[in-house]
file run_26.txt (compact mmCIF, C-alpha atoms)
# COMPACT_ATOMS: atom_id res chain seq x y z
CA MET D 1 82.80 74.01 88.62
CA GLY D 2 81.58 70.43 88.62
CA GLY D 3 80.22 68.40 91.51
CA LEU D 4 82.06 65.83 93.66
CA SER D 5 81.75 63.16 91.02
CA SER D 6 83.82 60.07 90.28
CA ARG D 7 87.20 60.32 88.60
CA SER D 8 85.83 58.78 85.40
CA ARG D 9 83.11 61.44 85.12
CA ALA D 10 85.68 64.19 85.80
CA LYS D 11 87.83 62.93 82.92
CA THR D 12 85.03 62.86 80.34
CA ALA D 13 83.02 65.93 81.31
CA PRO D 14 84.05 69.23 79.71
CA ARG D 15 85.68 71.67 82.08
CA LYS D 16 83.31 74.26 83.49
CA SER D 17 84.33 77.44 85.21
CA GLY D 18 86.13 76.59 88.44
CA ASP D 19 86.47 72.84 87.73
CA ALA D 20 90.22 72.93 88.39
CA ALA D 21 89.56 73.62 92.07
CA SER D 22 88.53 70.27 93.56
CA PHE D 23 87.01 70.71 96.98
CA ALA D 24 86.65 67.99 99.61
CA PRO D 25 83.57 67.36 101.77
CA ILE D 26 83.85 69.13 105.10
CA LYS D 27 83.77 67.34 108.43
CA GLY D 28 84.30 68.76 111.88
CA GLU D 29 83.13 71.63 114.02
CA THR D 30 84.56 74.70 112.25
CA LEU D 31 82.80 74.17 108.94
CA SER D 32 82.91 77.71 107.61
CA GLY D 33 86.59 78.07 108.51
CA GLN D 34 87.50 74.87 106.70
CA ILE D 35 85.52 75.90 103.63
CA ALA D 36 87.23 79.29 103.55
CA ALA D 37 90.64 77.66 103.96
CA GLN D 38 90.05 75.34 100.97
CA ILE D 39 88.92 78.16 98.70
CA ARG D 40 91.82 80.36 99.79
CA SER D 41 94.27 77.51 99.17
CA ALA D 42 92.79 76.90 95.71
CA LEU D 43 93.36 80.56 94.86
CA PHE D 44 97.02 80.53 95.95
CA ALA D 45 97.61 77.23 94.16
CA GLY D 46 96.38 78.78 90.91
CA ARG D 47 93.30 76.56 90.62
CA LEU D 48 91.09 79.65 90.81
CA THR D 49 91.65 82.91 88.97
CA ALA D 50 90.40 86.48 89.44
CA GLY D 51 86.91 87.00 88.04
CA GLU D 52 86.12 83.29 87.71
CA ARG D 53 82.63 82.07 88.65
CA ILE D 54 82.93 79.18 91.12
CA GLY D 55 79.25 78.34 91.54
CA SER D 56 76.15 79.30 93.43
CA GLU D 57 75.70 79.19 97.19
CA GLN D 58 73.63 76.01 96.85
CA SER D 59 75.96 74.23 94.42
CA LEU D 60 78.96 74.98 96.61
CA ALA D 61 77.11 73.79 99.71
CA ASP D 62 76.37 70.53 97.87
CA ARG D 63 79.96 70.08 96.79
CA PHE D 64 81.34 70.71 100.26
CA GLY D 65 78.63 68.54 101.82
CA VAL D 66 77.45 71.25 104.22
CA SER D 67 74.29 73.24 104.90
CA ARG D 68 73.59 76.48 103.08
CA MET D 69 73.96 78.29 106.41
CA ALA D 70 77.53 77.04 106.86
CA MET D 71 78.30 77.87 103.25
CA ARG D 72 76.85 81.36 103.67
CA ASP D 73 78.99 81.97 106.76
CA ALA D 74 82.13 80.91 104.87
CA LEU D 75 81.26 83.12 101.91
CA ARG D 76 80.71 86.13 104.15
CA SER D 77 84.14 85.58 105.62
CA LEU D 78 85.73 85.23 102.19
CA GLU D 79 83.91 88.32 100.94
CA ALA D 80 85.19 90.33 103.92
CA LEU D 81 88.73 89.20 103.08
CA GLY D 82 88.27 90.33 99.48
CA ILE D 83 88.64 86.79 98.09
CA VAL D 84 85.17 86.34 96.62
CA ALA D 85 82.46 88.62 95.24
CA ILE D 86 78.80 87.66 95.62
CA ARG D 87 76.62 88.79 92.72
CA VAL D 88 72.86 88.68 92.32
CA GLY D 89 70.66 88.70 89.26
CA ALA D 90 70.66 86.72 86.01
CA LYS D 91 74.43 86.36 86.04
CA GLY D 92 74.66 86.05 89.79
CA GLY D 93 76.69 83.59 91.81
CA ILE D 94 79.96 83.38 93.65
CA TYR D 95 82.96 84.79 91.80
CA VAL D 96 86.62 85.06 92.65
CA ALA D 97 87.10 88.76 93.35
CA LEU D 98 89.13 91.05 91.15
CA GLY D 99 92.29 92.53 92.64
CA ASN D 100 91.96 95.82 94.54
CA PRO D 101 95.28 97.27 95.79
CA GLU D 102 93.52 100.16 97.52
CA ARG D 103 91.45 97.76 99.59
CA PHE D 104 94.58 95.83 100.49
CA ALA D 105 96.40 99.01 101.52
CA ASP D 106 93.52 100.16 103.69
CA ALA D 107 93.17 96.76 105.38
CA LEU D 108 96.92 96.50 106.00
CA ALA D 109 97.05 100.00 107.48
CA VAL D 110 94.23 99.14 109.88
CA GLN D 111 95.97 95.97 110.98
CA LEU D 112 99.27 97.80 111.49
CA LYS D 113 97.47 100.22 113.77
CA LEU D 114 95.64 97.49 115.66
CA ILE D 115 98.76 95.45 116.38
CA GLY D 116 100.48 98.57 117.65
CA VAL D 117 103.51 98.81 115.40
CA THR D 118 106.19 101.10 116.79
CA VAL D 119 107.49 104.29 115.21
CA ALA D 120 110.82 102.55 114.62
CA GLU D 121 109.10 99.69 112.79
CA ILE D 122 107.15 102.10 110.61
CA PHE D 123 110.27 103.97 109.52
CA ASP D 124 112.24 100.75 109.04
CA ALA D 125 109.54 99.59 106.63
CA GLN D 126 109.47 102.93 104.82
CA ILE D 127 113.23 102.81 104.31
CA ALA D 128 113.13 99.22 103.06
CA ILE D 129 110.38 99.98 100.53
CA GLU D 130 111.36 103.43 99.33
CA VAL D 131 115.11 103.01 99.03
CA HIS D 132 114.76 99.95 96.82
CA ALA D 133 111.95 101.60 94.86
CA ALA D 134 114.10 104.68 94.16
CA GLU D 135 116.81 102.44 92.75
CA LEU D 136 114.29 100.70 90.49
CA ALA D 137 112.70 104.00 89.49
CA ALA D 138 116.03 105.23 88.13
CA ALA D 139 115.90 102.36 85.64
CA ARG D 140 112.15 102.18 85.02
CA ALA D 141 110.65 105.66 85.35
CA THR D 142 108.74 106.79 82.28
CA PRO D 143 108.46 110.36 80.97
CA GLU D 144 104.97 110.38 82.50
CA ASP D 145 106.42 109.45 85.91
CA ILE D 146 108.96 112.28 85.68
CA ALA D 147 106.27 114.76 84.63
CA ARG D 148 104.04 113.73 87.52
CA LEU D 149 106.88 114.09 90.04
CA SER D 150 107.89 117.46 88.62
CA ALA D 151 104.31 118.71 88.92
CA LEU D 152 104.08 117.52 92.53
CA LEU D 153 107.35 119.24 93.40
CA ALA D 154 106.10 122.46 91.82
CA GLU D 155 103.04 122.31 94.08
CA LEU D 156 105.22 121.53 97.08
CA ARG D 157 107.54 124.44 96.29
CA ALA D 158 104.57 126.81 96.13
CA VAL D 159 103.48 125.72 99.63
CA VAL D 160 106.98 126.10 101.09
CA GLN D 161 107.81 129.42 99.46
CA VAL D 162 104.61 131.41 100.08
CA PRO D 163 105.39 135.13 100.66
CA ALA D 164 103.62 135.17 104.02
CA GLY D 165 105.75 132.29 105.26
CA PHE D 166 105.25 128.53 105.60
CA SER D 167 102.13 127.65 107.59
CA ASP D 168 100.05 124.99 105.83
CA VAL D 169 101.55 121.93 107.49
CA ALA D 170 98.71 119.59 106.51
CA ARG D 171 98.96 120.52 102.83
CA PHE D 172 102.73 120.22 102.88
CA THR D 173 102.62 116.79 104.55
CA ASP D 174 100.06 115.49 102.07
CA LEU D 175 102.04 116.69 99.06
CA SER D 176 105.34 115.41 100.44
CA LEU D 177 103.91 111.94 101.03
CA ARG D 178 102.43 112.02 97.53
CA VAL D 179 105.94 112.65 96.24
CA HIS D 180 107.22 109.67 98.23
CA GLU D 181 104.38 107.58 96.82
CA ALA D 182 105.18 108.74 93.28
CA PHE D 183 108.82 107.70 93.76
CA VAL D 184 107.60 104.21 94.68
CA GLU D 185 105.11 104.04 91.84
CA ALA D 186 107.84 105.02 89.38
CA ALA D 187 109.48 101.69 90.24
CA HIS D 188 106.53 99.97 88.55
CA ASN D 189 106.27 97.26 91.19
CA ARG D 190 102.70 96.81 92.43
CA VAL D 191 103.74 95.01 95.61
CA LEU D 192 105.97 97.89 96.72
CA ALA D 193 103.30 100.43 95.74
CA ALA D 194 100.56 98.70 97.73
CA GLN D 195 102.78 98.40 100.80
CA PHE D 196 103.68 102.06 100.69
CA ARG D 197 100.03 103.12 100.38
CA ALA D 198 99.35 101.26 103.60
CA LEU D 199 102.27 102.99 105.32
CA ARG D 200 100.98 106.42 104.26
CA PHE D 201 98.08 106.16 106.68
CA VAL D 202 100.39 105.70 109.66
CA LEU D 203 103.18 108.00 108.43
CA GLU D 204 101.08 111.12 107.90
CA PRO D 205 100.32 111.96 111.54
CA LEU D 206 103.97 111.38 112.50
CA HIS D 207 105.23 113.96 110.02
CA GLN D 208 102.57 116.57 110.68
CA ARG D 209 103.52 116.88 114.34
CA HIS D 210 107.08 118.08 113.74
CA THR D 211 107.16 119.90 110.39
CA THR D 212 108.64 123.41 110.59
CA ALA D 213 109.57 125.88 107.83
CA ALA D 214 113.22 124.80 108.05
CA VAL D 215 112.32 121.12 107.83
CA ALA D 216 109.98 121.81 104.91
CA ARG D 217 112.77 123.50 102.94
CA ARG D 218 115.14 120.58 103.56
CA VAL D 219 112.50 118.07 102.55
CA LEU D 220 111.84 119.94 99.31
CA ALA D 221 115.56 120.09 98.50
CA GLY D 222 115.87 116.36 99.23
CA HIS D 223 112.98 115.50 96.91
CA VAL D 224 114.48 117.60 94.14
CA ALA D 225 117.84 115.84 94.50
CA VAL D 226 116.28 112.36 94.38
CA LEU D 227 114.22 113.24 91.32
CA ALA D 228 117.34 114.54 89.57
CA CYS D 229 119.02 111.17 90.15
CA ILE D 230 116.00 109.25 88.89
CA GLU D 231 115.74 111.45 85.81
CA ALA D 232 119.44 110.91 85.11
CA GLY D 233 119.13 107.14 85.53
CA ASP D 234 121.49 107.26 88.52
CA ALA D 235 120.24 104.29 90.54
CA GLU D 236 123.00 104.38 93.13
CA GLY D 237 122.62 108.12 93.62
CA ALA D 238 118.84 107.86 94.05
CA ARG D 239 119.25 105.02 96.51
CA ALA D 240 121.98 106.70 98.55
CA ARG D 241 120.31 110.11 98.76
CA LEU D 242 116.94 108.72 99.78
CA GLN D 243 118.41 106.27 102.28
CA LYS D 244 120.49 108.96 103.99
CA ARG D 245 117.54 111.32 104.26
CA LEU D 246 115.06 108.71 105.50
CA GLU D 247 117.50 107.40 108.09
CA THR D 248 117.98 110.97 109.34
CA VAL D 249 114.21 111.47 109.55
CA ARG D 250 113.92 108.18 111.44
CA ALA D 251 116.60 109.21 113.93
CA ARG D 252 115.00 112.61 114.53
CA GLN D 253 111.54 111.15 115.00
CA LEU D 254 112.83 108.64 117.53
CA MET D 255 114.80 111.27 119.44
CA MET D 256 111.71 113.46 119.65
CA ARG D 257 109.98 110.53 121.33
CA GLY D 258 112.81 109.94 123.79
CA VAL D 259 114.03 106.79 122.07
CA ALA D 260 117.79 106.34 121.83
CA ALA D 261 118.76 106.34 118.17
CA ALA D 262 121.85 107.07 116.16
CA GLY D 263 121.83 110.06 113.85
CA THR D 264 121.53 113.83 113.89
CA ASP D 265 118.83 116.38 113.12
CA ARG D 266 120.12 117.03 109.61
CA GLU D 267 117.70 116.22 106.74
call {"tool": "encode", "arguments": {"input": "run_26.txt", "output": "structure tokens"}}
result
Amino acid sequence: MGGLSSRSRAKTAPRKSGDAASFAPIKGETLSGQIAAQIRSALFAGRLTAGERIGSEQSLADRFGVSRMAMRDALRSLEALGIVAIRVGAKGGIYVALGNPERFADALAVQLKLIGVTVAEIFDAQIAIEVHAAELAAARATPEDIARLSALLAELRAVVQVPAGFSDVARFTDLSLRVHEAFVEAAHNRVLAAQFRALRFVLEPLHQRHTTAAVARRVLAGHVAVLACIEAGDAEGARARLQKRLETVRARQLMMRGVAAAGTDRE
């Protein structure tokens, strides 16, 4: 990334890493915020790419025309957001971070909890993500996806059909949500997958509270039916079956919380 040089120098000098992102000197009171905003904008505009070195703390401070303290504050903020990675050593410097869907999912789940999303909102989002994903999965699922789902359902069946009777609610809930996640991942859309991972954190405690042996058997049967549609390439069938079941779950969950909702207690 070059300095804030004249246009003639910029035209003749060879491009260094990060040169495409031209930053402007900062003026005003919120220096670190303005710096962070420029770097974030450069990323979304495609002038910075994942893994690219954009300079050192000092060189960036010089280019923005700010103190190293202001630059350091901005970099800490950007690092916390997962936009930059700060490395030390011989190859140290400030780099554009590599993508991390798990970090995104965790951060989104925390924010959903902090803003106080409602149960209705959570289930609305689950339906929107999963129903479309099931439709895509029917067209895109690989043999490996089908094998993974079949293995998860075998584990789930073993939990539901134990001779002593169903009792391990936590294990059942975890496996069932892993099946839901595998349905989404079989769509091979990373945006949908990351969003569903975030929802898992807030969905799990909702399901654990009300899972009975009868509900567990219906959930298992529903999963098996959706997988059969995906395996057969029946996009409409996968979509319809999953939508009907999730809408029923939503209605039951809302009724259990005293919220008026259409639907019955059938899974």
call {"tool": "atom_distance", "arguments": {"input": "run_26.txt", "atom1": "CA of Phe64 (chain D)", "atom2": "CA of Ala24 (chain D)"}}
result
6.0 Å
call {"tool": "closest_residue", "arguments": {"input": "run_26.txt", "among": "D:Val96, D:Ala164, D:Val202, D:Asp124", "to": "Gly46 (chain D)", "atoms": "all atoms listed in the file"}}
result
D:Val96
call {"tool": "closest_atom_pairs", "arguments": {"input": "run_26.txt", "of": "region 82-155 of chain D", "to": "region 224-243 of chain D", "cutoff": "9 Å", "atoms": "only C-alpha atoms", "output": "Markdown table"}}
result
| residue | atom | partner | partner_atom | distance |
| --- | --- | --- | --- | --- |
| D:Ile127 | CA | D:Gln243 | CA | 6.6 |
| D:Ala128 | CA | D:Gln243 | CA | 8.8 |
| D:Glu130 | CA | D:Leu242 | CA | 7.7 |
| D:Val131 | CA | D:Arg239 | CA | 5.2 |
| D:His132 | CA | D:Arg239 | CA | 6.8 |
| D:Ala133 | CA | D:Arg239 | CA | 8.2 |
| D:Ala134 | CA | D:Arg239 | CA | 5.7 |
| D:Glu135 | CA | D:Ala235 | CA | 4.5 |
| D:Leu136 | CA | D:Ala235 | CA | 6.9 |
| D:Ala137 | CA | D:Ile230 | CA | 6.2 |
| D:Ala138 | CA | D:Ile230 | CA | 4.1 |
| D:Ala139 | CA | D:Gly233 | CA | 5.8 |
| D:Arg140 | CA | D:Gly233 | CA | 8.6 |
| D:Ala141 | CA | D:Ile230 | CA | 7.4 |
| D:Pro143 | CA | D:Glu231 | CA | 8.8 |
| D:Ile146 | CA | D:Glu231 | CA | 6.8 |
| D:Leu149 | CA | D:Leu227 | CA | 7.5 |
| D:Ser150 | CA | D:Leu227 | CA | 8.1 |
| D:Leu153 | CA | D:Val224 | CA | 7.4 |
call {"tool": "write_last_selection", "arguments": {"input": "run_26.txt", "atoms": "C-alpha atoms", "output": "PDB file, in the coordinates of the input"}}
result
ATOM      1  CA  ILE D 127     113.230 102.810 104.310  1.00  0.00           C
ATOM      2  CA  ALA D 128     113.130  99.220 103.060  1.00  0.00           C
ATOM      3  CA  GLU D 130     111.360 103.430  99.330  1.00  0.00           C
ATOM      4  CA  VAL D 131     115.110 103.010  99.030  1.00  0.00           C
ATOM      5  CA  HIS D 132     114.760  99.950  96.820  1.00  0.00           C
ATOM      6  CA  ALA D 133     111.950 101.600  94.860  1.00  0.00           C
ATOM      7  CA  ALA D 134     114.100 104.680  94.160  1.00  0.00           C
ATOM      8  CA  GLU D 135     116.810 102.440  92.750  1.00  0.00           C
ATOM      9  CA  LEU D 136     114.290 100.700  90.490  1.00  0.00           C
ATOM     10  CA  ALA D 137     112.700 104.000  89.490  1.00  0.00           C
ATOM     11  CA  ALA D 138     116.030 105.230  88.130  1.00  0.00           C
ATOM     12  CA  ALA D 139     115.900 102.360  85.640  1.00  0.00           C
ATOM     13  CA  ARG D 140     112.150 102.180  85.020  1.00  0.00           C
ATOM     14  CA  ALA D 141     110.650 105.660  85.350  1.00  0.00           C
ATOM     15  CA  PRO D 143     108.460 110.360  80.970  1.00  0.00           C
ATOM     16  CA  ILE D 146     108.960 112.280  85.680  1.00  0.00           C
ATOM     17  CA  LEU D 149     106.880 114.090  90.040  1.00  0.00           C
ATOM     18  CA  SER D 150     107.890 117.460  88.620  1.00  0.00           C
ATOM     19  CA  LEU D 153     107.350 119.240  93.400  1.00  0.00           C
TER      20      LEU D 153
END
call {"tool": "atom_distance", "arguments": {"input": "run_26.txt", "atom1": "CA of Arg197 (chain D)", "atom2": "CA of Val179 (chain D)"}}
result
12.0 Å
call {"tool": "atom_distance", "arguments": {"input": "run_26.txt", "atom1": "CA of Arg63 (chain D)", "atom2": "CA of Phe23 (chain D)"}}
result
7.1 Å
call {"tool": "residues_near_point", "arguments": {"input": "run_26.txt", "point": "(102.8, 97.0, 95.0)", "cutoff": "12 Å", "atoms": "all atoms listed in the file", "output": "list of chain:residue names"}}
result
D:Gly99, D:Asn100, D:Pro101, D:Glu102, D:Phe104, D:Ala105, D:Ile129, D:Glu130, D:Ala133, D:Glu181, D:Val184, D:Glu185, D:Ala186, D:Ala187, D:His188, D:Asn189, D:Arg190, D:Val191, D:Leu192, D:Ala193, D:Ala194, D:Gln195, D:Phe196, D:Arg197, D:Ala198, D:Leu199
call {"tool": "write_last_selection", "arguments": {"input": "run_26.txt", "atoms": "C-alpha atoms", "output": "mmCIF file, in the frame of the given file"}}
result
data_model
loop_
_atom_site.group_PDB
_atom_site.id
_atom_site.type_symbol
_atom_site.label_atom_id
_atom_site.label_comp_id
_atom_site.auth_asym_id
_atom_site.auth_seq_id
_atom_site.Cartn_x
_atom_site.Cartn_y
_atom_site.Cartn_z
ATOM 1 C CA GLY D 99 92.290 92.530 92.640
ATOM 2 C CA ASN D 100 91.960 95.820 94.540
ATOM 3 C CA PRO D 101 95.280 97.270 95.790
ATOM 4 C CA GLU D 102 93.520 100.160 97.520
ATOM 5 C CA PHE D 104 94.580 95.830 100.490
ATOM 6 C CA ALA D 105 96.400 99.010 101.520
ATOM 7 C CA ILE D 129 110.380 99.980 100.530
ATOM 8 C CA GLU D 130 111.360 103.430 99.330
ATOM 9 C CA ALA D 133 111.950 101.600 94.860
ATOM 10 C CA GLU D 181 104.380 107.580 96.820
ATOM 11 C CA VAL D 184 107.600 104.210 94.680
ATOM 12 C CA GLU D 185 105.110 104.040 91.840
ATOM 13 C CA ALA D 186 107.840 105.020 89.380
ATOM 14 C CA ALA D 187 109.480 101.690 90.240
ATOM 15 C CA HIS D 188 106.530 99.970 88.550
ATOM 16 C CA ASN D 189 106.270 97.260 91.190
ATOM 17 C CA ARG D 190 102.700 96.810 92.430
ATOM 18 C CA VAL D 191 103.740 95.010 95.610
ATOM 19 C CA LEU D 192 105.970 97.890 96.720
ATOM 20 C CA ALA D 193 103.300 100.430 95.740
ATOM 21 C CA ALA D 194 100.560 98.700 97.730
ATOM 22 C CA GLN D 195 102.780 98.400 100.800
ATOM 23 C CA PHE D 196 103.680 102.060 100.690
ATOM 24 C CA ARG D 197 100.030 103.120 100.380
ATOM 25 C CA ALA D 198 99.350 101.260 103.600
ATOM 26 C CA LEU D 199 102.270 102.990 105.320
#
call {"tool": "closest_residue", "arguments": {"input": "run_26.txt", "among": "D:Asp62, D:Met69, D:Ala221, D:Gln126", "to": "Val249 (chain D)", "atoms": "all atoms listed in the file"}}
result
D:Gln126
call {"tool": "closest_residue", "arguments": {"input": "run_26.txt", "among": "D:Leu31, D:Ala158, D:Leu254, D:Ala36", "to": "Leu81 (chain D)", "atoms": "all atoms listed in the file"}}
result
D:Ala36
call {"tool": "build_atoms", "arguments": {"input": "run_26.txt", "residues": "region 56-79 of chain D", "atoms": "N, CA and C atoms", "output": "short mmCIF file (atom, residue, chain, number, x, y, z; two decimals), keeping the file's coordinate frame"}}
result
data_model
loop_
_atom_site.label_atom_id
_atom_site.label_comp_id
_atom_site.auth_asym_id
_atom_site.auth_seq_id
_atom_site.Cartn_x
_atom_site.Cartn_y
_atom_site.Cartn_z
N SER D 56 77.16 78.61 92.63
CA SER D 56 76.15 79.30 93.43
C SER D 56 76.32 78.88 94.89
N GLU D 57 75.64 79.56 95.78
CA GLU D 57 75.70 79.19 97.19
C GLU D 57 75.25 77.74 97.38
N GLN D 58 74.15 77.36 96.70
CA GLN D 58 73.63 76.01 96.85
C GLN D 58 74.57 74.96 96.26
N SER D 59 75.09 75.23 95.05
CA SER D 59 75.96 74.23 94.42
C SER D 59 77.25 74.03 95.22
N LEU D 60 77.77 75.11 95.79
CA LEU D 60 78.96 74.98 96.61
C LEU D 60 78.67 74.24 97.91
N ALA D 61 77.49 74.51 98.50
CA ALA D 61 77.11 73.79 99.71
C ALA D 61 77.03 72.29 99.43
N ASP D 62 76.47 71.94 98.25
CA ASP D 62 76.37 70.53 97.87
C ASP D 62 77.75 69.90 97.70
N ARG D 63 78.63 70.63 97.06
CA ARG D 63 79.96 70.08 96.79
C ARG D 63 80.78 69.90 98.07
N PHE D 64 80.62 70.83 99.00
CA PHE D 64 81.34 70.71 100.26
C PHE D 64 80.61 69.77 101.23
N GLY D 65 79.38 69.42 100.93
CA GLY D 65 78.63 68.54 101.82
C GLY D 65 78.22 69.21 103.10
N VAL D 66 77.84 70.51 103.03
CA VAL D 66 77.45 71.25 104.22
C VAL D 66 76.10 71.94 103.97
N SER D 67 75.55 72.50 105.03
CA SER D 67 74.29 73.24 104.90
C SER D 67 74.54 74.58 104.22
N ARG D 68 73.46 75.16 103.70
CA ARG D 68 73.59 76.48 103.08
C ARG D 68 74.00 77.53 104.12
N MET D 69 73.59 77.34 105.37
CA MET D 69 73.96 78.29 106.41
C MET D 69 75.47 78.31 106.63
N ALA D 70 76.08 77.11 106.69
CA ALA D 70 77.53 77.04 106.86
C ALA D 70 78.25 77.63 105.66
N MET D 71 77.70 77.34 104.48
CA MET D 71 78.30 77.87 103.25
C MET D 71 78.20 79.39 103.23
N ARG D 72 77.05 79.90 103.65
CA ARG D 72 76.85 81.36 103.67
C ARG D 72 77.83 82.03 104.63
N ASP D 73 78.05 81.42 105.79
CA ASP D 73 78.99 81.97 106.76
C ASP D 73 80.41 82.02 106.17
N ALA D 74 80.79 80.95 105.48
CA ALA D 74 82.13 80.91 104.87
C ALA D 74 82.26 81.98 103.79
N LEU D 75 81.21 82.14 102.99
CA LEU D 75 81.26 83.12 101.91
C LEU D 75 81.32 84.55 102.44
N ARG D 76 80.63 84.80 103.54
CA ARG D 76 80.71 86.13 104.15
C ARG D 76 82.13 86.43 104.61
N SER D 77 82.77 85.42 105.18
CA SER D 77 84.14 85.58 105.62
C SER D 77 85.08 85.83 104.44
N LEU D 78 84.90 85.07 103.38
CA LEU D 78 85.73 85.23 102.19
C LEU D 78 85.48 86.56 101.50
N GLU D 79 84.24 87.02 101.53
CA GLU D 79 83.91 88.32 100.94
C GLU D 79 84.58 89.44 101.74
#
